[in-house]
Structure formats: structure tokens, C-alpha cells
file input.pdb (PDB, C-alpha atoms)
ATOM      1  CA  MET T   1     -14.955  -2.317  18.673
ATOM      2  CA  ARG T   2     -12.210   0.110  19.730
ATOM      3  CA  VAL T   3      -9.823   0.888  16.861
ATOM      4  CA  ALA T   4      -6.310   2.343  16.922
ATOM      5  CA  VAL T   5      -4.925   3.608  13.615
ATOM      6  CA  ILE T   6      -1.159   4.114  13.732
ATOM      7  CA  GLY T   7      -0.063   6.709  11.208
ATOM      8  CA  ALA T   8      -1.808   9.926  10.200
ATOM      9  CA  GLY T   9      -0.926  10.097   6.518
ATOM     10  CA  SER T  10      -3.671  10.437   3.934
ATOM     11  CA  TRP T  11      -4.769   6.795   3.921
ATOM     12  CA  GLY T  12      -4.381   6.234   7.651
ATOM     13  CA  THR T  13      -6.463   9.327   8.345
ATOM     14  CA  THR T  14      -9.100   8.180   5.842
ATOM     15  CA  VAL T  15      -9.403   4.721   7.394
ATOM     16  CA  ALA T  16      -9.567   6.276  10.859
ATOM     17  CA  ALA T  17     -12.340   8.596   9.686
ATOM     18  CA  ILE T  18     -14.354   5.627   8.384
ATOM     19  CA  ALA T  19     -13.743   3.521  11.493
ATOM     20  CA  SER T  20     -14.762   6.396  13.781
ATOM     21  CA  GLN T  21     -18.258   6.220  12.312
ATOM     22  CA  ASN T  22     -18.483   2.571  13.374
ATOM     23  CA  GLY T  23     -16.922   2.709  16.844
ATOM     24  CA  PRO T  24     -14.449   4.542  19.121
ATOM     25  CA  THR T  25     -11.306   5.273  17.088
ATOM     26  CA  THR T  26      -7.970   6.842  18.008
ATOM     27  CA  LEU T  27      -5.516   8.059  15.375
ATOM     28  CA  TRP T  28      -1.824   8.186  16.282
ATOM     29  CA  ALA T  29       0.161  11.003  14.665
ATOM     30  CA  ARG T  30       3.910  11.252  15.044
ATOM     31  CA  ARG T  31       3.596  15.035  15.164
ATOM     32  CA  GLY T  32       1.790  16.639  18.069
ATOM     33  CA  ASP T  33       0.539  19.524  15.941
ATOM     34  CA  VAL T  34      -1.208  17.096  13.575
ATOM     35  CA  ALA T  35      -2.905  15.345  16.508
ATOM     36  CA  ALA T  36      -4.004  18.686  17.927
ATOM     37  CA  GLU T  37      -5.413  19.766  14.566
ATOM     38  CA  VAL T  38      -7.442  16.555  14.229
ATOM     39  CA  ASN T  39      -8.882  17.053  17.729
ATOM     40  CA  GLU T  40      -9.515  20.792  17.584
ATOM     41  CA  GLN T  41     -10.130  21.612  13.923
ATOM     42  CA  HIS T  42     -11.264  18.169  12.702
ATOM     43  CA  THR T  43      -8.910  18.432   9.749
ATOM     44  CA  ASN T  44      -5.500  17.132   8.665
ATOM     45  CA  GLU T  45      -4.455  19.743   6.130
ATOM     46  CA  THR T  46      -0.880  18.453   5.833
ATOM     47  CA  TYR T  47      -1.842  15.038   4.501
ATOM     48  CA  LEU T  48      -5.521  15.288   3.584
ATOM     49  CA  PRO T  49      -6.274  18.899   2.634
ATOM     50  CA  GLU T  50      -9.817  20.218   2.325
ATOM     51  CA  ALA T  51     -11.327  17.078   3.856
ATOM     52  CA  PRO T  52     -13.377  17.584   7.043
ATOM     53  CA  LEU T  53     -12.962  14.783   9.564
ATOM     54  CA  PRO T  54     -15.648  13.364  11.870
ATOM     55  CA  ALA T  55     -15.866  15.064  15.243
ATOM     56  CA  GLU T  56     -15.909  11.583  16.825
ATOM     57  CA  LEU T  57     -12.352  10.852  15.668
ATOM     58  CA  ARG T  58      -9.755  11.417  18.376
ATOM     59  CA  ALA T  59      -5.998  11.743  17.851
ATOM     60  CA  THR T  60      -2.916  11.499  20.016
ATOM     61  CA  ALA T  61       0.838  11.752  19.630
ATOM     62  CA  GLU T  62       1.359   9.166  22.412
ATOM     63  CA  LEU T  63       1.673   5.663  20.985
ATOM     64  CA  ASP T  64       0.841   3.829  24.206
ATOM     65  CA  GLU T  65      -2.291   5.926  24.657
ATOM     66  CA  ALA T  66      -3.444   5.041  21.146
ATOM     67  CA  VAL T  67      -3.124   1.261  21.444
ATOM     68  CA  HIS T  68      -3.490   0.282  25.099
ATOM     69  CA  ASP T  69      -7.239  -0.441  25.011
ATOM     70  CA  ALA T  70      -7.651  -1.133  21.286
ATOM     71  CA  ASP T  71      -9.567  -4.180  20.039
ATOM     72  CA  VAL T  72      -7.863  -3.893  16.631
ATOM     73  CA  VAL T  73      -4.644  -2.098  15.687
ATOM     74  CA  VAL T  74      -4.362  -0.719  12.150
ATOM     75  CA  MET T  75      -0.818   0.000  10.966
ATOM     76  CA  ALA T  76      -0.738   2.880   8.475
ATOM     77  CA  VAL T  77       3.038   3.344   8.624
ATOM     78  CA  PRO T  78       5.246   3.117   5.488
ATOM     79  CA  SER T  79       7.147  -0.140   5.129
ATOM     80  CA  HIS T  80      10.555   1.374   5.974
ATOM     81  CA  GLY T  81       9.328   2.477   9.430
ATOM     82  CA  PHE T  82       6.781  -0.268  10.064
ATOM     83  CA  ARG T  83       8.956  -2.548  12.228
ATOM     84  CA  ASP T  84      10.314   0.212  14.473
ATOM     85  CA  VAL T  85       6.902   1.755  15.173
ATOM     86  CA  LEU T  86       5.236  -1.596  15.819
ATOM     87  CA  ALA T  87       8.100  -2.638  18.124
ATOM     88  CA  GLU T  88       7.513   0.513  20.165
ATOM     89  CA  ALA T  89       3.771  -0.114  20.307
ATOM     90  CA  ALA T  90       3.947  -3.875  20.949
ATOM     91  CA  PRO T  91       4.372  -3.790  24.760
ATOM     92  CA  HIS T  92       1.169  -1.752  25.065
ATOM     93  CA  ILE T  93      -1.065  -3.899  22.807
ATOM     94  CA  ARG T  94      -3.347  -6.320  24.637
ATOM     95  CA  PRO T  95      -2.995 -10.080  23.910
ATOM     96  CA  TRP T  96      -4.601 -11.550  20.778
ATOM     97  CA  VAL T  97      -5.616  -8.173  19.325
ATOM     98  CA  PRO T  98      -5.596  -8.364  15.495
ATOM     99  CA  VAL T  99      -3.110  -6.166  13.630
ATOM    100  CA  VAL T 100      -4.148  -4.988  10.164
ATOM    101  CA  SER T 101      -1.607  -3.447   7.785
ATOM    102  CA  LEU T 102      -2.408  -0.654   5.347
ATOM    103  CA  SER T 103       1.186  -0.518   4.088
ATOM    104  CA  LYS T 104       1.761  -1.475   0.451
ATOM    105  CA  GLY T 105       5.457  -2.235   0.472
ATOM    106  CA  LEU T 106       8.075  -4.827   1.376
ATOM    107  CA  GLU T 107      10.714  -4.562   4.086
ATOM    108  CA  GLN T 108      14.140  -3.650   2.793
ATOM    109  CA  GLY T 109      16.836  -6.181   3.591
ATOM    110  CA  SER T 110      14.515  -9.012   4.615
ATOM    111  CA  GLY T 111      12.018  -8.749   1.727
ATOM    112  CA  LYS T 112       9.276  -9.553   4.229
ATOM    113  CA  ARG T 113       5.643  -8.612   3.840
ATOM    114  CA  MET T 114       4.195  -6.461   6.613
ATOM    115  CA  SER T 115       2.107  -9.304   8.041
ATOM    116  CA  GLN T 116       5.355 -11.260   8.429
ATOM    117  CA  VAL T 117       6.845  -8.334  10.342
ATOM    118  CA  VAL T 118       3.773  -8.426  12.603
ATOM    119  CA  ASN T 119       4.342 -12.156  13.122
ATOM    120  CA  ASP T 120       7.967 -11.466  14.085
ATOM    121  CA  LEU T 121       7.030  -8.929  16.750
ATOM    122  CA  LEU T 122       3.590 -10.144  17.880
ATOM    123  CA  PRO T 123       3.536 -13.869  17.047
ATOM    124  CA  GLU T 124       0.338 -14.604  18.979
ATOM    125  CA  HIS T 125      -1.666 -11.898  17.224
ATOM    126  CA  PRO T 126      -3.722 -12.415  14.041
ATOM    127  CA  ALA T 127      -2.172 -10.382  11.234
ATOM    128  CA  GLY T 128      -3.781  -9.228   8.011
ATOM    129  CA  VAL T 129      -4.141  -6.475   5.464
ATOM    130  CA  LEU T 130      -6.720  -4.014   4.144
ATOM    131  CA  THR T 131      -6.038  -3.310   0.476
ATOM    132  CA  GLY T 132      -7.618  -2.426  -2.840
ATOM    133  CA  PRO T 133      -8.183   0.482  -5.258
ATOM    134  CA  ASN T 134      -8.388   2.989  -2.435
ATOM    135  CA  LEU T 135      -7.290   6.519  -3.294
ATOM    136  CA  ALA T 136      -7.791   8.476  -0.087
ATOM    137  CA  LYS T 137      -9.061  11.724  -1.600
ATOM    138  CA  GLU T 138     -11.859  10.019  -3.540
ATOM    139  CA  ILE T 139     -12.975   7.892  -0.587
ATOM    140  CA  MET T 140     -13.059  10.912   1.712
ATOM    141  CA  ALA T 141     -15.246  12.610  -0.902
ATOM    142  CA  GLY T 142     -17.742   9.741  -0.579
ATOM    143  CA  GLN T 143     -17.195   8.307  -4.045
ATOM    144  CA  PRO T 144     -18.181   4.604  -4.314
ATOM    145  CA  ALA T 145     -15.252   2.233  -3.824
ATOM    146  CA  ALA T 146     -14.409  -1.201  -2.455
ATOM    147  CA  SER T 147     -11.586  -2.901  -0.605
ATOM    148  CA  VAL T 148     -10.657  -6.303   0.736
ATOM    149  CA  VAL T 149      -9.648  -7.321   4.257
ATOM    150  CA  ALA T 150      -7.418 -10.393   4.167
ATOM    151  CA  MET T 151      -6.928 -12.575   7.236
ATOM    152  CA  ALA T 152      -6.006 -16.250   7.576
ATOM    153  CA  ASP T 153      -9.064 -16.795   9.795
ATOM    154  CA  ASP T 154     -12.303 -16.012   7.980
ATOM    155  CA  ARG T 155     -14.116 -15.433  11.281
ATOM    156  CA  ILE T 156     -11.760 -12.589  12.132
ATOM    157  CA  ALA T 157     -12.056 -11.183   8.616
ATOM    158  CA  ASP T 158     -15.853 -11.295   8.899
ATOM    159  CA  GLY T 159     -15.646  -9.477  12.225
ATOM    160  CA  LEU T 160     -13.476  -6.738  10.754
ATOM    161  CA  GLN T 161     -15.689  -6.062   7.737
ATOM    162  CA  PRO T 162     -18.088  -3.717   9.572
ATOM    163  CA  VAL T 163     -15.177  -1.867  11.211
ATOM    164  CA  PHE T 164     -13.980  -0.556   7.846
ATOM    165  CA  ALA T 165     -17.276  -0.374   5.946
ATOM    166  CA  ALA T 166     -19.140   2.793   5.012
ATOM    167  CA  PRO T 167     -22.234   3.471   2.873
ATOM    168  CA  ALA T 168     -20.012   4.194  -0.150
ATOM    169  CA  PHE T 169     -17.139   1.885   0.843
ATOM    170  CA  ARG T 170     -17.788  -1.829   0.407
ATOM    171  CA  VAL T 171     -15.434  -4.288   2.127
ATOM    172  CA  TYR T 172     -14.925  -7.869   0.945
ATOM    173  CA  THR T 173     -12.934 -10.635   2.668
ATOM    174  CA  ASN T 174     -10.113 -12.833   1.386
ATOM    175  CA  LEU T 175      -8.098 -15.601   3.022
ATOM    176  CA  ASP T 176      -5.074 -14.987   0.779
ATOM    177  CA  ILE T 177      -2.870 -12.622   2.783
ATOM    178  CA  VAL T 178       0.197 -13.414   0.667
ATOM    179  CA  GLY T 179      -1.461 -12.597  -2.637
ATOM    180  CA  CYS T 180      -3.084  -9.426  -1.334
ATOM    181  CA  GLU T 181       0.153  -8.082   0.119
ATOM    182  CA  VAL T 182       2.292  -8.966  -2.894
ATOM    183  CA  ALA T 183      -0.230  -7.358  -5.248
ATOM    184  CA  GLY T 184      -0.371  -4.215  -3.113
ATOM    185  CA  ALA T 185       3.406  -3.845  -3.090
ATOM    186  CA  LEU T 186       4.011  -4.601  -6.756
ATOM    187  CA  LYS T 187       1.285  -2.379  -8.149
ATOM    188  CA  ASN T 188       3.248   0.619  -6.862
ATOM    189  CA  VAL T 189       6.242  -0.430  -8.947
ATOM    190  CA  MET T 190       4.019  -0.821 -12.007
ATOM    191  CA  ALA T 191       2.454   2.591 -11.338
ATOM    192  CA  ILE T 192       5.896   4.168 -11.651
ATOM    193  CA  ALA T 193       6.293   2.453 -15.028
ATOM    194  CA  ALA T 194       2.866   3.666 -16.148
ATOM    195  CA  GLY T 195       3.689   7.173 -14.950
ATOM    196  CA  MET T 196       6.868   7.136 -17.038
ATOM    197  CA  ALA T 197       4.772   6.291 -20.107
ATOM    198  CA  PHE T 198       2.488   9.242 -19.321
ATOM    199  CA  GLY T 199       5.505  11.502 -18.838
ATOM    200  CA  MET T 200       6.979  10.504 -22.185
ATOM    201  CA  GLY T 201       3.696  11.392 -23.866
ATOM    202  CA  PHE T 202       2.579   7.933 -24.968
ATOM    203  CA  GLY T 203      -1.060   7.066 -25.544
ATOM    204  CA  ASP T 204      -3.590   4.562 -24.281
ATOM    205  CA  ASN T 205      -2.142   1.542 -26.100
ATOM    206  CA  THR T 206       1.145   1.941 -24.240
ATOM    207  CA  LYS T 207      -0.577   2.420 -20.899
ATOM    208  CA  ALA T 208      -2.817  -0.615 -21.428
ATOM    209  CA  THR T 209       0.162  -2.729 -22.439
ATOM    210  CA  LEU T 210       2.137  -1.735 -19.351
ATOM    211  CA  MET T 211      -0.759  -2.455 -16.998
ATOM    212  CA  THR T 212      -1.546  -5.809 -18.588
ATOM    213  CA  ARG T 213       2.053  -6.989 -18.590
ATOM    214  CA  GLY T 214       2.442  -5.550 -15.112
ATOM    215  CA  LEU T 215      -0.435  -7.722 -13.959
ATOM    216  CA  ALA T 216       1.348 -10.743 -15.456
ATOM    217  CA  GLU T 217       4.484  -9.893 -13.481
ATOM    218  CA  LEU T 218       2.804  -9.415 -10.133
ATOM    219  CA  THR T 219       0.819 -12.631 -10.696
ATOM    220  CA  ARG T 220       3.992 -14.593 -11.478
ATOM    221  CA  LEU T 221       5.776 -13.407  -8.362
ATOM    222  CA  GLY T 222       2.697 -13.652  -6.153
ATOM    223  CA  VAL T 223       2.005 -17.249  -7.144
ATOM    224  CA  ALA T 224       5.681 -18.145  -6.668
ATOM    225  CA  MET T 225       5.437 -16.755  -3.138
ATOM    226  CA  GLY T 226       2.327 -18.803  -2.377
ATOM    227  CA  GLY T 227      -0.509 -16.494  -3.405
ATOM    228  CA  ASP T 228      -3.792 -17.599  -4.983
ATOM    229  CA  PRO T 229      -3.911 -16.746  -8.735
ATOM    230  CA  LEU T 230      -7.523 -15.559  -8.367
ATOM    231  CA  THR T 231      -6.455 -12.816  -5.971
ATOM    232  CA  PHE T 232      -4.623 -11.024  -8.759
ATOM    233  CA  SER T 233      -7.770 -10.614 -10.834
ATOM    234  CA  GLY T 234      -9.596  -9.080  -7.863
ATOM    235  CA  LEU T 235      -9.609  -5.818  -5.938
ATOM    236  CA  ALA T 236      -6.147  -6.285  -4.424
ATOM    237  CA  GLY T 237      -4.670  -7.107  -7.829
ATOM    238  CA  MET T 238      -6.219  -5.746 -10.997
ATOM    239  CA  GLY T 239      -8.391  -3.243  -9.149
ATOM    240  CA  ASP T 240      -5.556  -1.567  -7.278
ATOM    241  CA  LEU T 241      -3.242  -1.808 -10.284
ATOM    242  CA  VAL T 242      -5.626   0.103 -12.557
ATOM    243  CA  ALA T 243      -6.393   2.782  -9.966
ATOM    244  CA  THR T 244      -2.765   3.423  -9.096
ATOM    245  CA  CYS T 245      -1.461   3.323 -12.664
ATOM    246  CA  MET T 246      -4.118   5.704 -13.986
ATOM    247  CA  SER T 247      -4.713   8.205 -11.200
ATOM    248  CA  SER T 248      -3.107  11.615 -10.891
ATOM    249  CA  HIS T 249      -3.710  11.237  -7.120
ATOM    250  CA  SER T 250      -1.223   8.334  -6.961
ATOM    251  CA  ARG T 251       2.173   9.262  -5.514
ATOM    252  CA  ASN T 252       3.885   6.450  -7.426
ATOM    253  CA  HIS T 253       2.272   7.522 -10.685
ATOM    254  CA  ARG T 254       3.496  11.061  -9.998
ATOM    255  CA  VAL T 255       7.067   9.846  -9.487
ATOM    256  CA  GLY T 256       6.935   7.944 -12.779
ATOM    257  CA  LEU T 257       5.435  10.930 -14.589
ATOM    258  CA  GLU T 258       8.347  13.158 -13.564
ATOM    259  CA  LEU T 259      10.896  10.444 -14.354
ATOM    260  CA  GLY T 260       9.382  10.200 -17.832
ATOM    261  CA  ARG T 261       9.907  13.960 -18.194
ATOM    262  CA  GLY T 262      13.595  13.519 -17.453
ATOM    263  CA  ARG T 263      13.872  14.544 -13.798
ATOM    264  CA  SER T 264      15.922  12.579 -11.258
ATOM    265  CA  VAL T 265      14.283  10.417  -8.626
ATOM    266  CA  GLU T 266      16.140  12.244  -5.845
ATOM    267  CA  GLU T 267      14.750  15.587  -6.966
ATOM    268  CA  ILE T 268      11.218  14.221  -7.275
ATOM    269  CA  VAL T 269      11.128  12.482  -3.895
ATOM    270  CA  SER T 270      12.602  15.501  -2.101
ATOM    271  CA  GLU T 271       9.534  17.520  -3.084
ATOM    272  CA  MET T 272       7.012  15.021  -1.700
ATOM    273  CA  ASN T 273       5.647  15.084   1.859
ATOM    274  CA  MET T 274       4.454  11.464   1.666
ATOM    275  CA  VAL T 275       6.210   8.230   0.721
ATOM    276  CA  ALA T 276       6.011   6.704  -2.760
ATOM    277  CA  GLU T 277       6.504   3.067  -1.740
ATOM    278  CA  GLY T 278       7.293   1.847  -5.259
ATOM    279  CA  VAL T 279      10.709   3.552  -5.356
ATOM    280  CA  LYS T 280      12.192   1.419  -2.579
ATOM    281  CA  THR T 281      10.002  -1.598  -3.264
ATOM    282  CA  SER T 282      11.324  -1.920  -6.835
ATOM    283  CA  ARG T 283      14.723  -2.998  -5.553
ATOM    284  CA  VAL T 284      13.294  -5.450  -3.004
ATOM    285  CA  VAL T 285      10.946  -6.940  -5.609
ATOM    286  CA  CYS T 286      13.804  -7.571  -8.031
ATOM    287  CA  GLU T 287      15.854  -9.258  -5.315
ATOM    288  CA  LEU T 288      12.918 -11.510  -4.443
ATOM    289  CA  ALA T 289      12.245 -12.310  -8.098
ATOM    290  CA  ARG T 290      15.842 -13.345  -8.693
ATOM    291  CA  SER T 291      15.858 -15.558  -5.610
ATOM    292  CA  LEU T 292      12.695 -17.315  -6.832
ATOM    293  CA  GLY T 293      13.697 -17.514 -10.494
ATOM    294  CA  VAL T 294      10.800 -15.281 -11.608
ATOM    295  CA  GLU T 295      11.154 -12.973 -14.618
ATOM    296  CA  MET T 296      10.017  -9.392 -13.951
ATOM    297  CA  PRO T 297      11.311  -7.199 -16.767
ATOM    298  CA  ILE T 298       9.133  -4.153 -16.015
ATOM    299  CA  ALA T 299      10.107  -4.172 -12.336
ATOM    300  CA  GLU T 300      13.763  -4.536 -13.337
ATOM    301  CA  GLN T 301      13.576  -1.458 -15.556
ATOM    302  CA  VAL T 302      11.818   0.578 -12.854
ATOM    303  CA  ASP T 303      14.629  -0.409 -10.467
ATOM    304  CA  ALA T 304      17.182   0.566 -13.110
ATOM    305  CA  VAL T 305      15.642   4.016 -13.538
ATOM    306  CA  CYS T 306      15.144   4.630  -9.808
ATOM    307  CA  HIS T 307      18.456   3.260  -8.543
ATOM    308  CA  GLN T 308      20.921   2.808 -11.395
ATOM    309  CA  GLY T 309      20.674   6.055 -13.325
ATOM    310  CA  VAL T 310      19.058   4.561 -16.431
ATOM    311  CA  SER T 311      16.781   6.948 -18.355
ATOM    312  CA  ALA T 312      13.095   6.230 -18.863
ATOM    313  CA  GLN T 313      13.687   6.179 -22.630
ATOM    314  CA  ASP T 314      16.422   3.528 -22.346
ATOM    315  CA  ALA T 315      14.227   1.472 -19.985
ATOM    316  CA  LEU T 316      11.426   1.447 -22.548
ATOM    317  CA  LEU T 317      13.845   0.432 -25.305
ATOM    318  CA  ALA T 318      15.102  -2.467 -23.164
ATOM    319  CA  LEU T 319      11.521  -3.680 -22.667
ATOM    320  CA  MET T 320      10.535  -3.408 -26.314
ATOM    321  CA  THR T 321      13.622  -5.243 -27.622
ATOM    322  CA  ARG T 322      13.326  -8.303 -25.360
ATOM    323  CA  PRO T 323      13.012 -11.690 -27.122
ATOM    324  CA  SER T 324       9.434 -12.596 -28.116
ATOM    325  CA  ARG T 325       7.646 -15.385 -26.268
ATOM    326  CA  SER T 326       4.227 -16.730 -25.234
ATOM    327  CA  GLU T 327       1.928 -14.241 -23.511
ATOM    328  CA  ILE T 328       1.325 -16.647 -20.617
ATOM    329  CA  HIS T 329       4.991 -17.565 -20.153
ATOM    330  CA  GLY T 330       5.690 -18.277 -16.501
ATOM    331  CA  ILE T 331       2.040 -18.092 -15.425
ATOM    332  CA  ARG T 332       0.453 -21.374 -16.488
ATOM    333  CA  PRO T 333       1.531 -24.359 -14.327
TER     334      PRO T 333
END
call {"tool": "encode", "arguments": {"input": "input.pdb", "output": "C-alpha cells"}}
result
Amino acid sequence: MRVAVIGAGSWGTTVAAIASQNGPTTLWARRGDVAAEVNEQHTNETYLPEAPLPAELRATAELDEAVHDADVVVMAVPSHGFRDVLAEAAPHIRPWVPVVSLSKGLEQGSGKRMSQVVNDLLPEHPAGVLTGPNLAKEIMAGQPAASVVAMADDRIADGLQPVFAAPAFRVYTNLDIVGCEVAGALKNVMAIAAGMAFGMGFGDNTKATLMTRGLAELTRLGVAMGGDPLTFSGLAGMGDLVATCMSSHSRNHRVGLELGRGRSVEEIVSEMNMVAEGVKTSRVVCELARSLGVEMPIAEQVDAVCHQGVSAQDALLALMTRPSRSEIHGIRP
């Protein structure tokens, strides 16, 4: 199966490296120098330093060249640029080719999931997502990990499993695209909250509390949007939440860590060469939650810190002084 991976950031490059061991794979990089480095040096030092890439992996800076003969298109573009890049690629993608998103964010303005953006632009194409506790650096190092490929058609999901699988990377299937995408987007917001706790010097009790209540929030919103509750206890939900909230490799965790130390979000983001999706997603998530009547106090405080100038200390105080209620409020039917 011929694979095109669109986006040469750390995770896109990692998925392309895995796929290249299973079939012909082309990686699209926006920058010509990155594409040349992948082809000539078999590295991508800008986004995935000190990680040798398979010699079989080919790269290009020409979008039409990347997708024109692909049997599956993998979109590894951040949510804010996803629609524009896919619109440019769409005329060159053959009919019925599946499009799999790696993006863990929601579209600003519309609040749409990335599979919905695919449906807008390529309505006759199967759309899905590959998601889970997948930190690129660890997977490139061959550490055991797992992910889930979610498609509405289980036959297509089954067919995609071997495309993304590796000896140390196990791929499961799931029919719940909504739940998988919502979990992937919201865990980034919760990772910022967990990072703030780290930055303020709090211990394991605080971190565990934030992750557990964060899971409750993403489950509430995901179910309200049509997701399966079981998804949120799986790899796309709890698995990705734990990895992103705890790992120093997580960009969103890093943003939260610096916010907890008192730095501004503008200063933090300006120093990063990759996107921390949770910063922009926090605002979209809160808008969605309000429209659906879902309470998301942690997400609201992350939005307040990232976009309204509230300090991490005041956000924590607001969370801790909320009225007491049942632990399963808003989750049980």
C-alpha cells in the first residue's frame, strides 16, 4: 500500500518512518531543505533530532507529487492549517482513498474535528484518525507502545492496521471516530493543566487529581458529542491522557510547566518550533462545552490562563473552591 504522510513534524516523520517499513511511503515537508535532508541524510534534525530514518523513506516538498498515487493519505498537519493544506492536496488525491488524521486538535471557528474537515473537502473518502499515547521520540527509539486507528468501516480499519504497525508498535482498531478525536484534542488541554501543577511544585496527589478529573471532563464532552464512553478508558482516552500529562517530551505539558512558573503564554509559544495544540484548543473546547451544556471547569481555567491573563495560582484557587458535588456528576445517564 502506497502511503503519503502530509507534514514532517516529529509525529508525522515518525509515522512515515514506520509506514516506510511496510510499503512505499512519501513524506511531504513544507520546507525543501527538510525534504532534502530526509532524502540525503536520512534525518530530520529540526523536528526529530538524533533519530536516524529508514533509507526507504522518501520526501518531497511538492504536495501533488506526494499524494497523486497514494493508497492512503495521512494528515500530520496541525489543526489550524489542516483545512488549507488538505484543500490544496484534494485535487490530486485519487477517488475513495482513505484520509487518516494525526492531528489532535479542533478547528477554530467551526469547532469541527479533523475527520469532519476531511468530510467537508473530500466527502466520498473514508476519514479516520490514528491516536493514542504516542510520544514520537520514544517510538522512534523502539520503545513498546500502542495506538488505535479509528474508522467508521471496520474493514478499512483492519486494512490500515498493518500499514502503521511495527514490532514494538501495536495498533488496535476502533469504530468510534468521535470519541477518539475528542479525547485526542482534550487531553492536550488537560496536559497544560497538569504541567501548571508541575510548574507550581505540587506533588503526585495533585497530578493524579488533575488527570482523573480531566478524564471525567473529556468523557462528559465526548459522550455529549456522540462518543462511546468505553473509548475514554482506552488508548485514545486514558492512555493518551496519562502519557501527555506526565511526559517531559509533551509540548503541551511544557507550556503548562512554564505557565506554572509564571511566564506568559506568548513568551513560551514564541520559543517553540512545533505547535502545542492545547493552547488554541482550550478556547474551542470551552465554546463547544457551553453550546452543549457540559461543565468543564479544568478546561475553562486553562482557557483563562492561556487567553484571559489569569495566573496559574488563581486558576487553581478557582478549581479548589468550586461547590462540592458527586464524583460522577454529568457522566452517568
call {"tool": "closest_atom_pairs", "arguments": {"input": "input.pdb", "of": "region 160-193 of chain T", "to": "region 77-95 of chain T", "cutoff": "12 Å", "atoms": "all atoms listed in the file", "output": "CSV"}}
result
residue,atom,partner,partner_atom,distance
T:Glu181,CA,T:Ser79,CA,11.7
T:Gly184,CA,T:Ser79,CA,11.9
T:Ala185,CA,T:Ser79,CA,9.8
call {"tool": "resolve_selection", "arguments": {"input": "input.pdb", "expression": "the PyMOL selection byres ((chain T and resi 50-63) around 9)", "output": "number ranges by chain"}}
result
T: 6, 8, 13-14, 16-21, 23-45, 48-49, 64-68, 85, 88-89, 92, 137, 140-141
call {"tool": "resolve_selection", "arguments": {"input": "input.pdb", "expression": "the PyMOL selection byres ((chain T and resi 224-239) around 7)", "output": "MDAnalysis selection string"}}
result
chainID T and resid 131:133 147:148 176 178:180 183:184 215 219:223 240:243
call {"tool": "atom_distance", "arguments": {"input": "input.pdb", "atom1": "CA of Lys104 (chain T)", "atom2": "CA of Gly278 (chain T)"}}
result
8.6 Å
call {"tool": "closest_residue", "arguments": {"input": "input.pdb", "among": "T:Ala312, T:Ala150, T:Val163, T:Ala168", "to": "Asn134 (chain T)", "atoms": "only C-alpha atoms"}}
result
T:Ala168
call {"tool": "atom_distance", "arguments": {"input": "input.pdb", "atom1": "CA of Arg170 (chain T)", "atom2": "CA of Pro144 (chain T)"}}
result
8.0 Å
call {"tool": "closest_residue", "arguments": {"input": "input.pdb", "among": "T:Ala152, T:Met75, T:Leu130, T:Val310", "to": "Val118 (chain T)", "atoms": "only C-alpha atoms"}}
result
T:Met75
call {"tool": "residues_around", "arguments": {"input": "input.pdb", "residues": "Gly159 (chain T)", "least_positions_apart": "3", "cutoff": "12 Å", "atoms": "all atoms listed in the file", "output": "PyMOL selection string"}}
result
chain T and resi 1+71-72+98+149-151+153-156+162-165+171-173
call {"tool": "closest_atom_pairs", "arguments": {"input": "input.pdb", "of": "region 230-315 of chain T", "to": "region 319-325 of chain T", "cutoff": "8 Å", "atoms": "all atoms listed in the file", "output": "tab-separated table"}}
result
residue	atom	partner	partner_atom	distance
T:Pro297	CA	T:Leu319	CA	6.9
T:Ile298	CA	T:Leu319	CA	7.1
T:Gln301	CA	T:Leu319	CA	7.7
T:Ala315	CA	T:Leu319	CA	6.4
call {"tool": "write_last_selection", "arguments": {"input": "input.pdb", "atoms": "C-alpha atoms", "output": "short mmCIF file (atom, residue, chain, number, x, y, z; two decimals), in the frame of the given file"}}
result
data_model
loop_
_atom_site.label_atom_id
_atom_site.label_comp_id
_atom_site.auth_asym_id
_atom_site.auth_seq_id
_atom_site.Cartn_x
_atom_site.Cartn_y
_atom_site.Cartn_z
CA PRO T 297 11.31 -7.20 -16.77
CA ILE T 298 9.13 -4.15 -16.02
CA GLN T 301 13.58 -1.46 -15.56
CA ALA T 315 14.23 1.47 -19.98
#
call {"tool": "closest_residue", "arguments": {"input": "input.pdb", "among": "T:Leu257, T:Leu122, T:Ala136, T:Ala127", "to": "Trp11 (chain T)", "atoms": "all atoms listed in the file"}}
result
T:Ala136
call {"tool": "atom_distance", "arguments": {"input": "input.pdb", "atom1": "CA of Glu258 (chain T)", "atom2": "CA of Ala197 (chain T)"}}
result
10.1 Å
call {"tool": "closest_atom_pairs", "arguments": {"input": "input.pdb", "of": "region 236-265 of chain T", "to": "region 200-207 of chain T", "cutoff": "10 Å", "atoms": "all atoms listed in the file", "output": "tab-separated table"}}
result
residue	atom	partner	partner_atom	distance
T:Cys245	CA	T:Lys207	CA	8.3
T:Met246	CA	T:Lys207	CA	8.4
T:Gly256	CA	T:Met200	CA	9.7
T:Leu257	CA	T:Met200	CA	7.8
T:Glu258	CA	T:Met200	CA	9.1
T:Leu259	CA	T:Met200	CA	8.8
T:Gly260	CA	T:Met200	CA	5.0
T:Arg261	CA	T:Met200	CA	6.0
T:Gly262	CA	T:Met200	CA	8.7
call {"tool": "residues_around", "arguments": {"input": "input.pdb", "residues": "Trp96 (chain T)", "least_positions_apart": "4", "cutoff": "7 Å", "atoms": "all atoms listed in the file", "output": "ChimeraX atom specification"}}
result
/T:124-126
call {"tool": "resolve_selection", "arguments": {"input": "input.pdb", "expression": "the PyMOL selection byres ((chain T and resi 268) around 12)", "output": "ChimeraX atom specification"}}
result
/T:251-267,269-276,279,306
call {"tool": "closest_residue", "arguments": {"input": "input.pdb", "among": "T:Gln308, T:Asn188, T:Ser110, T:Gln313", "to": "Thr281 (chain T)", "atoms": "all atoms listed in the file"}}
result
T:Asn188
call {"tool": "closest_residue", "arguments": {"input": "input.pdb", "among": "T:Leu160, T:Val189, T:Val5, T:Val305", "to": "Glu217 (chain T)", "atoms": "all atoms listed in the file"}}
result
T:Val189
call {"tool": "closest_residue", "arguments": {"input": "input.pdb", "among": "T:Gln108, T:Ser311, T:Ser103, T:Gln161", "to": "Cys286 (chain T)", "atoms": "all atoms listed in the file"}}
result
T:Gln108
call {"tool": "axis_aligned_box", "arguments": {"input": "input.pdb", "around": "region 23-35 of chain T", "padding_each_side": "8 Å", "output": "JSON"}}
result
{"center_x": -6.5, "center_y": 11.1, "center_z": 16.3, "size_x": 36.8, "size_y": 32.8, "size_z": 21.5}
